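Following: one structure in structure tokens, then a few remarks.
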Amino acid sequence: MTDTPSARFRARILDVFPTHAALHGWTDAAFKAAVAEAGLSEGEAALACPRGAADLFDAFADRADQAMLDRLDELDIGAMKIRQKVRAAVQVRLEAQAPYKEAARAMTRALSNPLRTPEASRLLWRTADRIWRALGDKSTDGNFYSKRAILSGVLASTYARWFADDSEDHEATWAFLDARIENVMQFEKFKAQLKPVGEAAQSALGIAARLRYGR
């Protein structure tokens with residue numbers, strides 16, 4: 001966040017908002033309670049969040065992303081295989097929100113409103129993008145988009161499992177995450193096997209066309 005009055009006020013609201021969101025959902029009531037606890041005036045709150053609680057979607061997700069990136073910096077990512085890197089990134093993202101799980105659940109419910117689909121998609125994509133960049137991805141072709149789209153799906157489904165997980169240390173969630181990543185890896189292997197076949201088919205079609213049209 002930039003060091004502006006609005007950013008500072010927003011940070012103060014966000015510091016206390018999760019507790020109220022856990023009780024009242026991602027609502028104006030939760031927002032007003034957080035503003036009161038933060039000791040801000042209505043004018044300061046309006047400066048920080050003109051749309052009220054809706055302006056905290058981005059800030060809440062960004063704070064979790066930054067905590068995830070800080071944690072990834074502490075890990076020896078370079079020594080990991082790609083599936084281990086992705087697994088670690090998704091796990092530390094969820095662990096960063098573990099103290100605010102109910103608030104995260106409330107945010108997910110609020111973003112499930114069809115009118116908020118664009119914002120939900122943007123925030124999910126941003127997290128996926130930040131993960132790939134942190135893992136050293138430098139792709140610029142179609143892989144850039146496919147990697148982020150696939151990871152967005154993994155994140156969304158793993159969060160859904162996490163919200164329903166009451167197992168000790170969320171072991172059921174991590175098992176689910178491992179299975180999802182394995183599914184993706186198997187799919188990527190399948191695509192790699194199809195690629196030579198596709199190239200061979202295109203080559204055969206080219207030969208057939210030249211025979212047919214004499215080119």
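Chains: A, B, ... in order of the structure tokens. Residues: from 1 per chain. Ligands: from 1, in order shown.
Using only C-alpha atoms, the contacts of segment 34-48 of chain A at a cut-off of 9 Å, with sequence neighbours closer than 3 positions omitted, comprise Pro5, Ser6, Ala7, Arg8, Phe9, Arg10, Ala11, Arg12, Ile13, Leu14, Asp15, Val16, Phe17, Pro18, Thr19, His20, Ala21, Ala29, Ala30, Phe31, Arg51, Gly52 and Asp55 of chain A.
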Note to self: Can you tell me which residues surround Ala172 of chain A at a distance of at most 12 Å, considering only C-alpha atoms, apart from same-chain residues fewer than 4 positions away, and format the answer as a PyMOL selection string?
What the structure shows: chain A and resi 158-168+176-179
Margin query: Quick check, in Å to one decimal: how far apart do atom CA of Ala128 of chain A and atom CA of Leu69 of chain A lie?
Written below: 11.7 Å
Note to self: According to DSSP computed on the backbone, where in segment 4-213 of chain A is there alpha helix (DSSP H)? Give the residues as a ChimeraX atom specification.
What the structure shows: /A:5-24,28-38,42-48,56-73,82-97,101-111,117-134,142-163,171-213
Could you list, with a cut-off of 12 Å and counting only C-alpha atoms, the residues of segment 46-72 of chain A near segment 81-91 of chain A, each shown with its nearest atom pair and the distance in Å rounded to one decimal, rows sorted by chain and ascending number, as CSV?
residue,atom,partner,partner_atom,distance
A:Ala64,CA,A:Val90,CA,11.2
A:Asp65,CA,A:Ala89,CA,10.0
A:Gln66,CA,A:Ala89,CA,11.7
A:Ala67,CA,A:Ala89,CA,10.8
A:Met68,CA,A:Ala89,CA,7.1
A:Leu69,CA,A:Ala89,CA,8.2
A:Asp70,CA,A:Ala89,CA,10.7
A:Arg71,CA,A:Ala89,CA,8.7
A:Leu72,CA,A:Ala89,CA,6.8
Keeping N, CA and C atoms for every residue in the selection just given, could you write it to a file as a PDB file, in the first residue's frame?
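File written: result-v9.pdb
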ATOM      1  N   ALA A  64      -3.017 -10.991   2.278  1.00  0.00           N
ATOM      2  CA  ALA A  64      -2.724 -12.428   2.297  1.00  0.00           C
ATOM      3  C   ALA A  64      -1.653 -12.770   1.263  1.00  0.00           C
ATOM      4  N   ASP A  65      -1.711 -12.130   0.110  1.00  0.00           N
ATOM      5  CA  ASP A  65      -0.693 -12.362  -0.922  1.00  0.00           C
ATOM      6  C   ASP A  65       0.689 -11.957  -0.424  1.00  0.00           C
ATOM      7  N   GLN A  66       0.757 -10.803   0.210  1.00  0.00           N
ATOM      8  CA  GLN A  66       2.060 -10.330   0.687  1.00  0.00           C
ATOM      9  C   GLN A  66       2.621 -11.242   1.778  1.00  0.00           C
ATOM     10  N   ALA A  67       1.753 -11.732   2.648  1.00  0.00           N
ATOM     11  CA  ALA A  67       2.205 -12.679   3.679  1.00  0.00           C
ATOM     12  C   ALA A  67       2.702 -13.963   3.033  1.00  0.00           C
ATOM     13  N   MET A  68       2.022 -14.398   1.994  1.00  0.00           N
ATOM     14  CA  MET A  68       2.444 -15.589   1.253  1.00  0.00           C
ATOM     15  C   MET A  68       3.821 -15.374   0.622  1.00  0.00           C
ATOM     16  N   LEU A  69       4.010 -14.237  -0.012  1.00  0.00           N
ATOM     17  CA  LEU A  69       5.284 -13.955  -0.689  1.00  0.00           C
ATOM     18  C   LEU A  69       6.420 -13.860   0.325  1.00  0.00           C
ATOM     19  N   ASP A  70       6.147 -13.271   1.478  1.00  0.00           N
ATOM     20  CA  ASP A  70       7.181 -13.196   2.529  1.00  0.00           C
ATOM     21  C   ASP A  70       7.580 -14.593   2.988  1.00  0.00           C
ATOM     22  N   ARG A  71       6.591 -15.465   3.128  1.00  0.00           N
ATOM     23  CA  ARG A  71       6.869 -16.832   3.563  1.00  0.00           C
ATOM     24  C   ARG A  71       7.626 -17.602   2.489  1.00  0.00           C
ATOM     25  N   LEU A  72       7.285 -17.376   1.234  1.00  0.00           N
ATOM     26  CA  LEU A  72       7.982 -18.070   0.152  1.00  0.00           C
ATOM     27  C   LEU A  72       9.448 -17.649   0.093  1.00  0.00           C
TER      28      LEU A  72
END
Next item on the list: Tell me, as a list in words, which residues lie within 10 Å of segment 109-114 of chain A, counting only C-alpha atoms; anything in the same chain fewer than 4 positions away does not count.
Entry: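 Final neighbour list, sorted by chain and number: Gly25, Trp26, Thr27, Ala54, Phe57, Ala103, Ala104, Arg105, Pro118, Glu119, Ala120 and Ser121 of chain A.
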Keeping only N, CA and C atoms, write the selected residues as a compact mmCIF listing (two decimals), in the first residue's frame.
# COMPACT_ATOMS: atom_id res chain seq x y z
N GLY A 25 -20.49 -11.24 8.69
CA GLY A 25 -20.34 -11.37 7.25
C GLY A 25 -19.66 -10.15 6.67
N TRP A 26 -19.44 -10.20 5.35
CA TRP A 26 -18.77 -9.06 4.68
C TRP A 26 -19.83 -8.00 4.39
N THR A 27 -20.23 -7.29 5.43
CA THR A 27 -21.39 -6.41 5.36
C THR A 27 -21.06 -5.00 5.82
N ALA A 54 -16.97 -3.26 0.48
CA ALA A 54 -16.56 -3.74 -0.84
C ALA A 54 -15.14 -3.31 -1.19
N PHE A 57 -12.18 -5.92 -0.18
CA PHE A 57 -11.89 -7.17 -0.88
C PHE A 57 -10.44 -7.18 -1.33
N ALA A 103 -13.39 -14.85 8.19
CA ALA A 103 -13.49 -13.64 7.37
C ALA A 103 -13.27 -13.99 5.90
N ALA A 104 -12.33 -14.89 5.64
CA ALA A 104 -12.09 -15.32 4.26
C ALA A 104 -13.31 -16.02 3.70
N ARG A 105 -13.96 -16.81 4.53
CA ARG A 105 -15.20 -17.48 4.11
C ARG A 105 -16.28 -16.44 3.79
N PRO A 118 -16.52 -10.34 -11.83
CA PRO A 118 -15.28 -9.76 -12.37
C PRO A 118 -14.23 -9.49 -11.30
N GLU A 119 -14.66 -8.97 -10.16
CA GLU A 119 -13.69 -8.68 -9.09
C GLU A 119 -13.15 -9.97 -8.49
N ALA A 120 -14.01 -10.96 -8.30
CA ALA A 120 -13.55 -12.24 -7.77
C ALA A 120 -12.52 -12.86 -8.71
N SER A 121 -12.78 -12.81 -9.99
CA SER A 121 -11.86 -13.38 -10.98
C SER A 121 -10.54 -12.62 -11.00
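Note that the spacing between atom CA of Lys101 of chain A and atom CA of Asp73 of chain A amounts to 23.1 Å.
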Item checked: Polymer residues at most 12 Å from Leu151 of chain A, only C-alpha atoms, same-chain spacing of 5 or more positions, as an NGL selection string -> :A and (83 or 86-87 or 89-90 or 124-132 or 143-146 or 156-158 or 177 or 180-181 or 183-185)
Restrict the selected residues to N, CA and C atoms and save them as a PDB file, in the first residue's frame.
ATOM      1  N   ARG A  83       5.989 -29.239  -8.822  1.00  0.00           N
ATOM      2  CA  ARG A  83       4.773 -29.543  -8.059  1.00  0.00           C
ATOM      3  C   ARG A  83       4.952 -29.180  -6.586  1.00  0.00           C
ATOM      4  N   VAL A  86       4.510 -25.302  -6.295  1.00  0.00           N
ATOM      5  CA  VAL A  86       3.104 -24.898  -6.361  1.00  0.00           C
ATOM      6  C   VAL A  86       2.385 -25.282  -5.078  1.00  0.00           C
ATOM      7  N   ARG A  87       2.658 -26.475  -4.606  1.00  0.00           N
ATOM      8  CA  ARG A  87       2.028 -26.944  -3.374  1.00  0.00           C
ATOM      9  C   ARG A  87       2.383 -26.029  -2.204  1.00  0.00           C
ATOM     10  N   ALA A  89       3.354 -22.910  -2.293  1.00  0.00           N
ATOM     11  CA  ALA A  89       2.775 -21.578  -2.457  1.00  0.00           C
ATOM     12  C   ALA A  89       1.305 -21.551  -2.054  1.00  0.00           C
ATOM     13  N   VAL A  90       0.549 -22.530  -2.516  1.00  0.00           N
ATOM     14  CA  VAL A  90      -0.878 -22.570  -2.178  1.00  0.00           C
ATOM     15  C   VAL A  90      -1.048 -22.801  -0.678  1.00  0.00           C
ATOM     16  N   LEU A 124      -8.458 -13.542  -7.867  1.00  0.00           N
ATOM     17  CA  LEU A 124      -7.943 -14.908  -7.965  1.00  0.00           C
ATOM     18  C   LEU A 124      -6.803 -14.974  -8.972  1.00  0.00           C
ATOM     19  N   TRP A 125      -6.989 -14.313 -10.111  1.00  0.00           N
ATOM     20  CA  TRP A 125      -5.951 -14.284 -11.142  1.00  0.00           C
ATOM     21  C   TRP A 125      -4.691 -13.604 -10.614  1.00  0.00           C
ATOM     22  N   ARG A 126      -4.865 -12.512  -9.857  1.00  0.00           N
ATOM     23  CA  ARG A 126      -3.703 -11.797  -9.330  1.00  0.00           C
ATOM     24  C   ARG A 126      -2.894 -12.673  -8.389  1.00  0.00           C
ATOM     25  N   THR A 127      -3.583 -13.428  -7.542  1.00  0.00           N
ATOM     26  CA  THR A 127      -2.866 -14.333  -6.650  1.00  0.00           C
ATOM     27  C   THR A 127      -2.116 -15.390  -7.437  1.00  0.00           C
ATOM     28  N   ALA A 128      -2.763 -15.971  -8.442  1.00  0.00           N
ATOM     29  CA  ALA A 128      -2.108 -16.986  -9.269  1.00  0.00           C
ATOM     30  C   ALA A 128      -0.897 -16.390  -9.987  1.00  0.00           C
ATOM     31  N   ASP A 129      -1.049 -15.187 -10.497  1.00  0.00           N
ATOM     32  CA  ASP A 129       0.057 -14.522 -11.191  1.00  0.00           C
ATOM     33  C   ASP A 129       1.223 -14.263 -10.245  1.00  0.00           C
ATOM     34  N   ARG A 130       0.907 -13.795  -9.049  1.00  0.00           N
ATOM     35  CA  ARG A 130       1.972 -13.513  -8.081  1.00  0.00           C
ATOM     36  C   ARG A 130       2.704 -14.795  -7.674  1.00  0.00           C
ATOM     37  N   ILE A 131       1.970 -15.877  -7.578  1.00  0.00           N
ATOM     38  CA  ILE A 131       2.601 -17.149  -7.245  1.00  0.00           C
ATOM     39  C   ILE A 131       3.570 -17.554  -8.341  1.00  0.00           C
ATOM     40  N   TRP A 132       3.117 -17.539  -9.583  1.00  0.00           N
ATOM     41  CA  TRP A 132       3.994 -17.963 -10.679  1.00  0.00           C
ATOM     42  C   TRP A 132       5.220 -17.066 -10.798  1.00  0.00           C
ATOM     43  N   ASN A 143       1.434 -20.283 -22.591  1.00  0.00           N
ATOM     44  CA  ASN A 143       1.639 -20.928 -21.286  1.00  0.00           C
ATOM     45  C   ASN A 143       1.435 -19.940 -20.139  1.00  0.00           C
ATOM     46  N   PHE A 144       1.722 -18.668 -20.407  1.00  0.00           N
ATOM     47  CA  PHE A 144       1.539 -17.645 -19.375  1.00  0.00           C
ATOM     48  C   PHE A 144       0.095 -17.664 -18.877  1.00  0.00           C
ATOM     49  N   TYR A 145      -0.836 -17.718 -19.815  1.00  0.00           N
ATOM     50  CA  TYR A 145      -2.251 -17.673 -19.473  1.00  0.00           C
ATOM     51  C   TYR A 145      -2.757 -19.020 -18.958  1.00  0.00           C
ATOM     52  N   SER A 146      -2.322 -20.102 -19.577  1.00  0.00           N
ATOM     53  CA  SER A 146      -2.806 -21.414 -19.152  1.00  0.00           C
ATOM     54  C   SER A 146      -2.333 -21.742 -17.739  1.00  0.00           C
ATOM     55  N   ALA A 156      -9.080 -22.014  -6.180  1.00  0.00           N
ATOM     56  CA  ALA A 156     -10.505 -21.924  -5.860  1.00  0.00           C
ATOM     57  C   ALA A 156     -11.028 -23.218  -5.249  1.00  0.00           C
ATOM     58  N   SER A 157     -10.671 -24.346  -5.838  1.00  0.00           N
ATOM     59  CA  SER A 157     -11.172 -25.626  -5.334  1.00  0.00           C
ATOM     60  C   SER A 157     -10.545 -25.971  -3.980  1.00  0.00           C
ATOM     61  N   THR A 158      -9.274 -25.619  -3.790  1.00  0.00           N
ATOM     62  CA  THR A 158      -8.615 -25.909  -2.516  1.00  0.00           C
ATOM     63  C   THR A 158      -9.192 -25.041  -1.402  1.00  0.00           C
ATOM     64  N   LEU A 177      -5.175 -30.919  -1.953  1.00  0.00           N
ATOM     65  CA  LEU A 177      -4.293 -30.100  -2.781  1.00  0.00           C
ATOM     66  C   LEU A 177      -3.312 -30.977  -3.557  1.00  0.00           C
ATOM     67  N   ARG A 180      -5.121 -32.558  -6.428  1.00  0.00           N
ATOM     68  CA  ARG A 180      -5.407 -31.604  -7.502  1.00  0.00           C
ATOM     69  C   ARG A 180      -4.163 -31.348  -8.339  1.00  0.00           C
ATOM     70  N   ILE A 181      -3.036 -31.171  -7.665  1.00  0.00           N
ATOM     71  CA  ILE A 181      -1.785 -30.923  -8.391  1.00  0.00           C
ATOM     72  C   ILE A 181      -1.404 -32.148  -9.212  1.00  0.00           C
ATOM     73  N   ASN A 183      -3.469 -34.274 -10.523  1.00  0.00           N
ATOM     74  CA  ASN A 183      -4.361 -34.264 -11.680  1.00  0.00           C
ATOM     75  C   ASN A 183      -3.839 -33.341 -12.772  1.00  0.00           C
ATOM     76  N   VAL A 184      -3.377 -32.158 -12.352  1.00  0.00           N
ATOM     77  CA  VAL A 184      -2.843 -31.195 -13.312  1.00  0.00           C
ATOM     78  C   VAL A 184      -1.588 -31.744 -13.982  1.00  0.00           C
ATOM     79  N   MET A 185      -0.697 -32.351 -13.194  1.00  0.00           N
ATOM     80  CA  MET A 185       0.543 -32.895 -13.751  1.00  0.00           C
ATOM     81  C   MET A 185       0.258 -34.005 -14.753  1.00  0.00           C
TER      82      MET A 185
END
Note to self: One decimal, in Å: what's the spacing between atom CA of Ala61 of chain A and atom CA of Thr173 of chain A?
What the structure shows: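 Taking atom CA of Ala61 of chain A as the start and atom CA of Thr173 of chain A as the end point, the length is 19.8 Å.
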